[in-house]
Amino acid sequence: MKHTLSPQRYLILLAVMLTASVGDTLLAYGMSQVGPVSMAHLGLLLHAMRNPWVVTGILCLLGFFASYLTALSWADLTFVLPATAFGYIVVAFLARFWLHEPITPCRWAGILLIVCGVGFVANGPSLTEHATEDSVTGGSE
Amino acid sequence: MIVASHIGVGPVETWATILTVAATAVAGDVLTAGAMRKIGDLDAIRAKAGLGGAIRAVVSSPMFLLGVLSMAASFFSLLFTVSNVAVSLAAPASASLTFLGNAFAAKIFLKENVDRRRWLAALFVFAGVFLLVK
């Protein structure tokens, strides 16, 4: 394992973290304006699709899936997943400072653990080199 | 319907539904990652065949489609789970188990080199996500 990432590919990982968390937060904000949806009122989902926050949230999540797939095409799953977990932290901070939700000490502990976990893999190799694999060269040193 | 209280299911059913959510999520992640590995570097494909070519390469992969189906199954089993099990248990337990399960599955099925550094990362993220989503 000797692959490291180019700055452009770190930007893709940043997009993985940000688009998921911002998308989730925008959806939460939009759905709080739409109101609770139940099986008896599924028509509200169509109404939600006219809410700009919901639409922007869905676009962000589409961006997340595209950047997630791109990252998986040149990095290991066990390298990319901690990056997606970092998105939970972004959501926590957005919830705290934008939606004004409190962060309990338990959540602060969770944030600290995830930061440590991401730190463990961030400086390590991004891709396992298999003996039979000869085509994966992009972004490697 | 999402409720925040326990609705009379036993511990076996509770953990069976949580494990189903995690197992289908892991299957989705591993199948998707395996498909992307087979397809190859998307940046290179996009440079050669454009965005349309990259999208065609992805959506024409049966393994990718199976992965998306597994992700959809995970989503719906999560909806089923949170309608029967306290969401404060179901959400963190399934998210954490998915992270840990992915480390095992990536080592076994994708033959990734999950070294000590990555095991530690998986364990820290497992615990961190549990505390954060709790």
# chains A, B, ... in the order shown; residues from 1 in each chain; ligands from 1
$ interface_residues --of "chain A" --to "chain B" --cutoff "8 Å" --atoms "only C-alpha atoms" --output "PyMOL selection string"
chain A and resi 1+38-39+69-70+72-74+76-79+81-82+85+88+106-114+116-121+127-128+135-136+138
$ residues_around --residues "region 68-83 of chain B" --least-positions-apart "5" --cutoff "12 Å" --atoms "only C-alpha atoms" --output "VMD selection string"
(chain A and resid 65 69) or (chain B and resid 1 to 9 13 to 33 35 58 to 59 61 to 63 88 to 95 98)
$ residues_around --residues "region 15-25 of chain A" --least-positions-apart "2" --cutoff "6 Å" --atoms "only C-alpha atoms" --output "PyMOL selection string"
chain A and resi 12-13+27-28+57+60-61+64+67-68+84+87+90-91
$ select_by_dssp --residues "region 22-137 of chain A" --states "helix (DSSP H, G or I)" --output "NGL selection string"
:A and (22-34 or 39-41 or 43-48 or 52-72 or 77-97 or 105-122)
$ closest_residue --among "A:Gly124, A:Pro7, A:Gly30, A:Pro102" --to "Val54 (chain A)" --atoms "only C-alpha atoms"
A:Gly30
$ residues_around --residues "Val34 (chain A)" --least-positions-apart "5" --cutoff "9 Å" --atoms "only C-alpha atoms" --output "count of residues only"
6
$ atom_distance --atom1 "CA of Pro105 (chain A)" --atom2 "CA of Ala83 (chain A)"
22.5 Å
